[in-house]
>>> print(open('entry_17.txt').read())   # compact mmCIF, C-alpha atoms
# COMPACT_ATOMS: atom_id res chain seq x y z
CA MET E 969 -13.39 81.52 -13.93
CA ASN E 970 -12.38 79.78 -17.14
CA LEU E 971 -11.08 81.27 -20.36
CA ALA E 972 -14.51 81.51 -21.97
CA ASP E 973 -15.89 83.49 -19.01
CA THR E 974 -12.87 85.78 -19.10
CA LEU E 975 -13.32 86.48 -22.82
CA ARG E 976 -17.03 87.14 -22.34
CA GLY E 977 -16.20 89.54 -19.53
CA LEU E 978 -13.71 91.41 -21.72
CA TRP E 979 -16.27 91.53 -24.53
CA ARG E 980 -18.82 93.09 -22.17
CA ARG E 981 -16.22 95.72 -21.22
CA TRP E 982 -15.33 96.59 -24.80
CA TYR E 983 -15.61 100.28 -23.96
CA ILE E 984 -12.51 99.78 -21.76
CA VAL E 985 -10.62 97.24 -23.87
CA VAL E 986 -10.87 99.06 -27.22
CA PRO E 987 -9.59 102.45 -25.97
CA GLY E 988 -6.91 100.58 -24.03
CA LEU E 989 -5.71 98.83 -27.18
CA ILE E 990 -5.66 102.12 -29.10
CA LEU E 991 -3.67 103.74 -26.30
CA THR E 992 -1.29 100.76 -26.26
CA ILE E 993 -0.57 101.18 -29.98
CA ALA E 994 0.02 104.90 -29.48
CA VAL E 995 2.43 104.26 -26.60
CA ALA E 996 4.33 101.63 -28.63
CA ILE E 997 4.74 104.06 -31.55
CA ALA E 998 5.86 106.83 -29.20
CA ALA E 999 8.40 104.52 -27.55
CA TRP E 1000 9.79 103.49 -30.95
CA GLN E 1001 10.20 107.14 -31.93
CA TYR E 1002 11.65 108.22 -28.59
CA ILE E 1003 14.19 105.41 -28.06
CA GLU E 1004 17.03 105.80 -30.53
CA PRO E 1005 18.93 102.80 -31.92
CA ASP E 1006 22.57 102.15 -31.11
CA TYR E 1007 25.34 102.30 -33.72
CA GLU E 1008 28.00 99.60 -33.70
CA ARG E 1009 31.38 99.47 -35.41
CA VAL E 1010 34.04 96.77 -35.28
CA GLY E 1011 37.77 96.85 -35.87
CA THR E 1012 40.52 94.23 -35.60
CA GLN E 1013 44.25 94.53 -34.98
CA LEU E 1014 46.99 91.91 -35.28
CA LEU E 1015 50.19 91.69 -33.30
CA LEU E 1016 53.34 91.01 -35.35
CA PRO E 1017 56.76 89.74 -34.20
CA GLY E 1018 59.78 92.01 -34.13
CA PRO E 1019 62.43 91.91 -36.90
CA ALA E 1020 64.78 89.90 -34.68
CA SER E 1021 62.23 87.06 -34.56
CA ILE E 1022 61.92 86.78 -38.34
CA PRO E 1023 64.58 85.29 -40.64
CA GLU E 1024 65.92 87.56 -43.35
CA ALA E 1025 63.29 87.95 -46.10
CA GLY E 1026 60.92 85.92 -43.93
CA ASN E 1027 57.15 86.28 -43.81
CA PRO E 1028 56.07 87.75 -40.43
CA TYR E 1029 52.64 86.11 -40.66
CA LEU E 1030 54.33 82.73 -40.43
CA TYR E 1031 55.85 83.61 -37.04
CA LEU E 1032 52.82 84.58 -35.01
CA GLY E 1033 53.27 81.78 -32.49
CA GLY E 1034 53.86 82.96 -28.95
CA LEU E 1035 52.16 86.33 -29.49
CA SER E 1036 48.81 85.21 -28.11
CA GLN E 1037 50.02 85.88 -24.56
CA ALA E 1038 51.10 89.37 -25.61
CA ALA E 1039 47.63 89.96 -27.12
CA ASP E 1040 46.04 88.96 -23.80
CA VAL E 1041 48.23 91.47 -21.98
CA VAL E 1042 47.20 94.26 -24.35
CA VAL E 1043 43.53 93.35 -23.99
CA THR E 1044 43.82 93.43 -20.21
CA ALA E 1045 45.54 96.80 -20.25
CA MET E 1046 43.00 98.33 -22.66
CA SER E 1047 40.04 96.94 -20.71
CA SER E 1048 41.06 98.77 -17.56
CA GLU E 1049 38.67 101.37 -16.16
CA ARG E 1050 41.22 104.13 -16.60
CA GLU E 1051 41.68 103.52 -20.32
CA LEU E 1052 37.95 103.11 -21.06
CA ASP E 1053 36.96 106.18 -19.06
CA ALA E 1054 39.49 108.28 -20.93
CA LEU E 1055 38.18 107.11 -24.31
CA LEU E 1056 34.48 107.52 -23.41
CA ARG E 1057 34.68 110.73 -21.39
CA ASP E 1058 33.09 112.83 -24.14
CA TYR E 1059 30.59 110.21 -25.31
CA PRO E 1060 27.95 109.45 -22.67
CA GLY E 1061 26.11 106.20 -23.25
CA ALA E 1062 28.83 104.73 -25.49
CA GLU E 1063 30.55 101.41 -24.81
CA ILE E 1064 33.79 99.71 -25.84
CA ALA E 1065 34.39 95.96 -25.76
CA ILE E 1066 37.97 94.72 -26.29
CA LYS E 1067 38.84 91.03 -26.43
CA ARG E 1068 40.77 88.40 -28.32
CA ASP E 1069 39.08 87.58 -31.62
CA PRO E 1070 37.33 84.24 -30.96
CA LEU E 1071 37.22 83.43 -34.68
CA THR E 1072 40.99 83.15 -35.04
CA SER E 1073 43.70 81.35 -33.14
CA GLY E 1074 46.27 84.08 -33.78
CA PRO E 1075 47.09 87.18 -31.70
CA GLN E 1076 44.21 89.21 -33.15
CA ILE E 1077 42.39 91.81 -31.06
CA LEU E 1078 38.71 92.53 -31.66
CA ILE E 1079 37.37 95.98 -30.77
CA THR E 1080 33.61 96.60 -30.75
CA VAL E 1081 32.24 100.12 -30.23
CA THR E 1082 28.61 100.98 -29.51
CA ALA E 1083 27.54 104.63 -29.57
CA LYS E 1084 24.49 106.86 -29.95
CA SER E 1085 25.39 108.05 -33.44
CA ASN E 1086 27.26 106.85 -36.50
CA ALA E 1087 29.85 109.62 -36.24
CA GLU E 1088 30.54 108.94 -32.57
CA ALA E 1089 31.00 105.22 -33.21
CA GLY E 1090 33.55 105.93 -35.95
CA LYS E 1091 35.49 108.45 -33.87
CA ILE E 1092 35.62 106.20 -30.79
CA LEU E 1093 36.78 103.21 -32.85
CA VAL E 1094 39.64 105.16 -34.43
CA ASP E 1095 40.71 106.60 -31.08
CA THR E 1096 40.61 103.16 -29.47
CA MET E 1097 42.78 101.57 -32.15
CA VAL E 1098 45.30 104.40 -31.88
CA ARG E 1099 45.33 104.00 -28.11
CA THR E 1100 45.91 100.24 -28.42
CA THR E 1101 49.07 100.93 -30.41
CA GLN E 1102 50.22 103.44 -27.79
CA VAL E 1103 49.56 101.06 -24.89
CA LEU E 1104 51.54 98.28 -26.58
CA GLY E 1105 54.43 100.67 -27.10
CA ASN E 1106 54.30 101.90 -23.50
CA LEU E 1107 54.37 98.36 -22.14
CA GLN E 1108 57.48 97.57 -24.16
CA ASN E 1109 59.11 100.86 -23.17
CA VAL E 1110 58.68 99.99 -19.50
CA SER E 1111 60.30 96.59 -20.12
CA GLY E 1112 63.18 98.15 -22.09
CA ILE E 1113 62.58 96.11 -25.24
CA THR E 1114 65.00 96.97 -28.05
CA ALA E 1115 63.72 98.13 -31.41
CA ARG E 1116 64.49 94.85 -33.23
CA ASN E 1117 62.64 92.81 -30.60
CA ARG E 1118 59.61 95.04 -30.22
CA ILE E 1119 56.22 93.57 -31.10
CA GLY E 1120 54.36 95.51 -33.72
CA ILE E 1121 50.65 95.95 -34.30
CA GLU E 1122 48.78 96.19 -37.58
CA THR E 1123 45.20 97.16 -38.38
CA ILE E 1124 43.37 94.38 -40.21
CA THR E 1125 39.79 95.62 -40.54
CA VAL E 1126 37.90 98.82 -39.73
CA ASP E 1127 34.19 99.32 -40.34
CA ASN E 1128 33.52 102.43 -42.40
CA GLN E 1129 29.80 102.36 -41.67
CA SER E 1130 27.99 101.52 -38.46
CA THR E 1131 25.50 98.72 -38.02
CA LEU E 1132 22.19 99.65 -36.43
CA VAL E 1133 21.49 97.77 -33.20
CA GLN E 1134 17.77 97.78 -32.39
CA LYS E 1135 17.94 95.66 -29.23
CA THR E 1136 17.44 98.52 -26.76
CA ARG E 1137 14.65 100.04 -28.85
CA LEU E 1138 12.83 96.72 -29.21
CA LEU E 1139 13.08 95.99 -25.51
CA GLY E 1140 11.65 99.42 -24.72
CA VAL E 1141 8.74 98.99 -27.14
CA VAL E 1142 7.94 95.49 -25.89
CA GLY E 1143 8.05 96.65 -22.27
CA ALA E 1144 5.77 99.63 -22.91
CA THR E 1145 3.31 97.50 -24.91
CA LEU E 1146 3.10 94.77 -22.29
CA GLY E 1147 2.68 97.35 -19.54
CA MET E 1148 -0.23 99.08 -21.27
CA LEU E 1149 -1.91 95.76 -22.10
CA LEU E 1150 -1.61 94.67 -18.49
CA ILE E 1151 -3.14 97.92 -17.25
CA THR E 1152 -6.01 97.60 -19.74
CA LEU E 1153 -6.78 94.02 -18.73
CA LEU E 1154 -6.56 94.84 -15.04
CA VAL E 1155 -8.98 97.77 -15.35
CA ALA E 1156 -11.43 95.75 -17.45
CA GLY E 1157 -11.21 92.82 -15.03
CA LEU E 1158 -11.73 95.10 -12.02
CA VAL E 1159 -14.83 96.70 -13.53
CA GLU E 1160 -16.21 93.30 -14.53
CA GLY E 1161 -15.55 91.90 -11.05
CA LEU E 1162 -17.30 94.80 -9.32
CA SER E 1163 -20.27 94.48 -11.68
CA THR E 1164 -20.53 90.73 -11.08
CA ARG E 1165 -20.37 91.25 -7.33
CA LYS E 1166 -23.20 93.80 -7.44
CA ARG E 1167 -25.36 91.39 -9.44
CA ARG E 1168 -24.72 88.61 -6.95
CA ASP E 1169 -25.51 90.89 -4.01
CA GLY E 1170 -28.74 91.98 -5.70
CA LYS E 1171 -29.82 88.39 -6.28
CA ALA E 1172 -29.01 87.50 -2.67
CA ASP E 1173 -31.08 90.43 -1.35
CA SER E 1174 -34.02 89.48 -3.59
CA LYS E 1175 -33.88 85.87 -2.42
CA THR E 1176 -33.81 86.95 1.21
CA THR E 1177 -36.87 89.17 0.67
CA ASN E 1178 -38.78 86.36 -1.01
CA ASP E 1179 -37.92 83.96 1.79
CA LEU E 1180 -39.17 86.42 4.40
CA SER E 1181 -42.39 86.97 2.45
CA SER E 1182 -42.98 83.22 2.16
CA ARG E 1183 -42.45 82.73 5.88
CA GLY E 1184 -44.84 85.59 6.68
CA GLY E 1185 -47.57 84.10 4.43
CA ALA E 1186 -47.22 80.67 6.03
CA HIS E 1187 -47.47 82.18 9.48
CA ARG E 1188 -50.66 83.99 8.54
CA ASP E 1189 -52.10 80.75 7.16
CA ARG E 1190 -51.28 78.93 10.39
CA ARG E 1191 -53.04 81.65 12.37
CA SER E 1192 -56.11 81.56 10.13
CA ILE E 1193 -56.65 77.80 10.64
CA PRO E 1194 -57.52 77.96 14.37
CA GLN E 1195 -59.85 80.92 13.77
CA SER E 1196 -61.83 78.99 11.12
CA LEU E 1197 -62.09 75.97 13.47
CA THR E 1198 -63.35 78.23 16.28
CA ARG E 1199 -66.09 79.62 14.07
CA ARG E 1200 -67.24 76.15 13.05
CA SER E 1201 -67.41 74.96 16.68
CA ARG E 1202 -69.51 77.96 17.66
CA ARG E 1203 -72.00 77.24 14.87
CA SER E 1204 -72.25 73.61 15.94
CA ARG E 1205 -73.05 74.54 19.58
CA HIS E 1206 -75.63 77.09 18.44
CA LEU E 1207 -77.45 74.47 16.30
CA ARG E 1208 -77.54 71.97 19.19
CA ARG E 1209 -79.15 74.55 21.43
CA LEU E 1210 -81.86 75.27 18.88
CA ARG E 1211 -82.70 71.63 18.72
>>> encode(input="entry_17.txt", output="structure tokens")
Amino acid sequence: MNLADTLRGLWRRWYIVVPGLILTIAVAIAAWQYIEPDYERVGTQLLLPGPASIPEAGNPYLYLGGLSQAADVVVTAMSSERELDALLRDYPGAEIAIKRDPLTSGPQILITVTAKSNAEAGKILVDTMVRTTQVLGNLQNVSGITARNRIGIETITVDNQSTLVQKTRLLGVVGATLGMLLITLLVAGLVEGLSTRKRRDGKADSKTTNDLSSRGGAHRDRRSIPQSLTRRSRRSRHLRRLR
């Protein structure tokens, strides 16, 4: 069956396709209303060298070399399951992504929070940045780093408003729409296939009946030929006797 035949079949089953399309639109709208968007906030923190690593009256931002390894250690510690579970315990469905900022070569940490509401995203981001500072301090306490050699951490940016992320909602709507369209086409195709099969069976039965009728008529004709010849021979014999 080519495309033209398929389209003609769907056109013949418009009473299935049209309600199916209407139902598909309704399901897509319902999915859009039911699936809520995610809220995303981003914050960045920068590691700074301790006072002992900076000359007197020196600029700390000029002495960031060597802190990239320390930033990796902090990222690893904050990405542990224990730390993330503690931060997300009261916020089901929320996520935290902590990594080195790929847009800079310095020891900058990028924190991305995704939550189900704007308020939750803001609260989680603040708590995460506070916890990052605490984790850095704990790591240095364990190593016995003196105050003048301790690495500091400074907040660079914090989003005050969340960004709507529609990815999950769009995927849900697209999935529901494709599912309903597939069901509609399958039902219409099934009905069309059954109808076509019945028509073919009906034509086959009619052809068989006609063939049987034709064979019966021919048989009767063959039987009538000898009878007519017999009658003619009898008449001929009767005339010869009269003569």
>>> closest_residue(input="entry_17.txt", among="E:Gly1120, E:Gly1147, E:Gly1090, E:Pro1070", to="Val1103 of chain E", atoms="all atoms listed in the file")
E:Gly1120
>>> residues_around(input="entry_17.txt", residues="segment 1125-1133 of chain E", least_positions_apart="4", cutoff="12 Å", atoms="all atoms listed in the file", output="ChimeraX atom specification")
/E:1003-1014,1076-1097,1137-1139
>>> residues_around(input="entry_17.txt", residues="Leu1107 of chain E", least_positions_apart="6", cutoff="12 Å", atoms="all atoms listed in the file", output="PyMOL selection string")
chain E and resi 1038-1039+1041-1042+1044-1046+1100-1101+1113+1118-1120
>>> atom_distance(input="entry_17.txt", atom1="atom CA of Tyr1059 of chain E", atom2="atom CA of Trp1000 of chain E")
22.6 Å
>>> atom_distance(input="entry_17.txt", atom1="atom CA of Leu1035 of chain E", atom2="atom CA of Pro1075 of chain E")
5.6 Å
>>> closest_residue(input="entry_17.txt", among="E:Leu975, E:Val985, E:Val1043, E:Val995", to="Val1155 of chain E", atoms="all atoms listed in the file")
E:Val985
>>> atom_distance(input="entry_17.txt", atom1="atom CA of Met1148 of chain E", atom2="atom CA of Gly1061 of chain E")
27.4 Å
>>> closest_residue(input="entry_17.txt", among="E:Glu1160, E:Val986, E:Leu1016, E:Arg981", to="Thr1123 of chain E", atoms="all atoms listed in the file")
E:Leu1016
>>> build_atoms(input="entry_17.txt", residues="segment 1083-1112 of chain E", atoms="N, CA and C atoms", output="PDB file, in the frame of the given file")
ATOM      1  N   ALA E1083      27.739 103.216 -29.882  1.00  0.00           N
ATOM      2  CA  ALA E1083      27.540 104.630 -29.570  1.00  0.00           C
ATOM      3  C   ALA E1083      26.142 105.066 -29.982  1.00  0.00           C
ATOM      4  N   LYS E1084      25.822 106.320 -29.673  1.00  0.00           N
ATOM      5  CA  LYS E1084      24.490 106.860 -29.950  1.00  0.00           C
ATOM      6  C   LYS E1084      24.354 107.454 -31.340  1.00  0.00           C
ATOM      7  N   SER E1085      25.452 107.546 -32.062  1.00  0.00           N
ATOM      8  CA  SER E1085      25.390 108.050 -33.440  1.00  0.00           C
ATOM      9  C   SER E1085      26.468 107.390 -34.270  1.00  0.00           C
ATOM     10  N   ASN E1086      26.293 107.454 -35.577  1.00  0.00           N
ATOM     11  CA  ASN E1086      27.260 106.850 -36.500  1.00  0.00           C
ATOM     12  C   ASN E1086      28.616 107.540 -36.407  1.00  0.00           C
ATOM     13  N   ALA E1087      28.600 108.866 -36.311  1.00  0.00           N
ATOM     14  CA  ALA E1087      29.850 109.620 -36.240  1.00  0.00           C
ATOM     15  C   ALA E1087      30.607 109.315 -34.947  1.00  0.00           C
ATOM     16  N   GLU E1088      29.891 109.236 -33.837  1.00  0.00           N
ATOM     17  CA  GLU E1088      30.540 108.940 -32.570  1.00  0.00           C
ATOM     18  C   GLU E1088      31.164 107.549 -32.582  1.00  0.00           C
ATOM     19  N   ALA E1089      30.457 106.583 -33.150  1.00  0.00           N
ATOM     20  CA  ALA E1089      31.000 105.220 -33.210  1.00  0.00           C
ATOM     21  C   ALA E1089      32.295 105.189 -34.010  1.00  0.00           C
ATOM     22  N   GLY E1090      32.334 105.890 -35.137  1.00  0.00           N
ATOM     23  CA  GLY E1090      33.550 105.930 -35.950  1.00  0.00           C
ATOM     24  C   GLY E1090      34.709 106.599 -35.231  1.00  0.00           C
ATOM     25  N   LYS E1091      34.430 107.726 -34.571  1.00  0.00           N
ATOM     26  CA  LYS E1091      35.490 108.450 -33.870  1.00  0.00           C
ATOM     27  C   LYS E1091      36.038 107.624 -32.708  1.00  0.00           C
ATOM     28  N   ILE E1092      35.168 106.999 -31.937  1.00  0.00           N
ATOM     29  CA  ILE E1092      35.620 106.200 -30.790  1.00  0.00           C
ATOM     30  C   ILE E1092      36.450 105.009 -31.258  1.00  0.00           C
ATOM     31  N   LEU E1093      36.037 104.362 -32.355  1.00  0.00           N
ATOM     32  CA  LEU E1093      36.780 103.210 -32.850  1.00  0.00           C
ATOM     33  C   LEU E1093      38.190 103.600 -33.276  1.00  0.00           C
ATOM     34  N   VAL E1094      38.311 104.695 -34.001  1.00  0.00           N
ATOM     35  CA  VAL E1094      39.640 105.160 -34.430  1.00  0.00           C
ATOM     36  C   VAL E1094      40.512 105.497 -33.229  1.00  0.00           C
ATOM     37  N   ASP E1095      39.946 106.225 -32.266  1.00  0.00           N
ATOM     38  CA  ASP E1095      40.710 106.600 -31.080  1.00  0.00           C
ATOM     39  C   ASP E1095      41.152 105.368 -30.291  1.00  0.00           C
ATOM     40  N   THR E1096      40.281 104.367 -30.218  1.00  0.00           N
ATOM     41  CA  THR E1096      40.610 103.160 -29.470  1.00  0.00           C
ATOM     42  C   THR E1096      41.748 102.390 -30.132  1.00  0.00           C
ATOM     43  N   MET E1097      41.722 102.291 -31.447  1.00  0.00           N
ATOM     44  CA  MET E1097      42.780 101.570 -32.150  1.00  0.00           C
ATOM     45  C   MET E1097      44.112 102.301 -32.043  1.00  0.00           C
ATOM     46  N   VAL E1098      44.069 103.628 -32.070  1.00  0.00           N
ATOM     47  CA  VAL E1098      45.300 104.400 -31.880  1.00  0.00           C
ATOM     48  C   VAL E1098      45.829 104.196 -30.464  1.00  0.00           C
ATOM     49  N   ARG E1099      44.906 104.178 -29.498  1.00  0.00           N
ATOM     50  CA  ARG E1099      45.330 104.000 -28.110  1.00  0.00           C
ATOM     51  C   ARG E1099      45.895 102.603 -27.872  1.00  0.00           C
ATOM     52  N   THR E1100      45.381 101.605 -28.549  1.00  0.00           N
ATOM     53  CA  THR E1100      45.910 100.240 -28.420  1.00  0.00           C
ATOM     54  C   THR E1100      47.380 100.199 -28.845  1.00  0.00           C
ATOM     55  N   THR E1101      47.684 100.871 -29.940  1.00  0.00           N
ATOM     56  CA  THR E1101      49.070 100.930 -30.410  1.00  0.00           C
ATOM     57  C   THR E1101      49.964 101.625 -29.385  1.00  0.00           C
ATOM     58  N   GLN E1102      49.447 102.698 -28.784  1.00  0.00           N
ATOM     59  CA  GLN E1102      50.220 103.440 -27.790  1.00  0.00           C
ATOM     60  C   GLN E1102      50.453 102.597 -26.531  1.00  0.00           C
ATOM     61  N   VAL E1103      49.431 101.883 -26.096  1.00  0.00           N
ATOM     62  CA  VAL E1103      49.560 101.060 -24.890  1.00  0.00           C
ATOM     63  C   VAL E1103      50.581  99.945 -25.106  1.00  0.00           C
ATOM     64  N   LEU E1104      50.553  99.314 -26.278  1.00  0.00           N
ATOM     65  CA  LEU E1104      51.540  98.280 -26.580  1.00  0.00           C
ATOM     66  C   LEU E1104      52.945  98.852 -26.552  1.00  0.00           C
ATOM     67  N   GLY E1105      53.109 100.030 -27.114  1.00  0.00           N
ATOM     68  CA  GLY E1105      54.430 100.670 -27.100  1.00  0.00           C
ATOM     69  C   GLY E1105      54.872 101.023 -25.693  1.00  0.00           C
ATOM     70  N   ASN E1106      53.939 101.531 -24.872  1.00  0.00           N
ATOM     71  CA  ASN E1106      54.300 101.900 -23.500  1.00  0.00           C
ATOM     72  C   ASN E1106      54.722 100.678 -22.684  1.00  0.00           C
ATOM     73  N   LEU E1107      54.015  99.574 -22.868  1.00  0.00           N
ATOM     74  CA  LEU E1107      54.370  98.360 -22.140  1.00  0.00           C
ATOM     75  C   LEU E1107      55.782  97.890 -22.489  1.00  0.00           C
ATOM     76  N   GLN E1108      56.148  98.000 -23.736  1.00  0.00           N
ATOM     77  CA  GLN E1108      57.480  97.570 -24.160  1.00  0.00           C
ATOM     78  C   GLN E1108      58.551  98.578 -23.737  1.00  0.00           C
ATOM     79  N   ASN E1109      58.153  99.850 -23.658  1.00  0.00           N
ATOM     80  CA  ASN E1109      59.110 100.860 -23.170  1.00  0.00           C
ATOM     81  C   ASN E1109      59.462 100.599 -21.712  1.00  0.00           C
ATOM     82  N   VAL E1110      58.436 100.255 -20.918  1.00  0.00           N
ATOM     83  CA  VAL E1110      58.680  99.990 -19.500  1.00  0.00           C
ATOM     84  C   VAL E1110      59.608  98.788 -19.331  1.00  0.00           C
ATOM     85  N   SER E1111      59.468  97.810 -20.208  1.00  0.00           N
ATOM     86  CA  SER E1111      60.300  96.590 -20.120  1.00  0.00           C
ATOM     87  C   SER E1111      61.652  96.763 -20.794  1.00  0.00           C
ATOM     88  N   GLY E1112      61.885  97.881 -21.452  1.00  0.00           N
ATOM     89  CA  GLY E1112      63.180  98.150 -22.090  1.00  0.00           C
ATOM     90  C   GLY E1112      63.443  97.259 -23.289  1.00  0.00           C
TER      91      GLY E1112
END
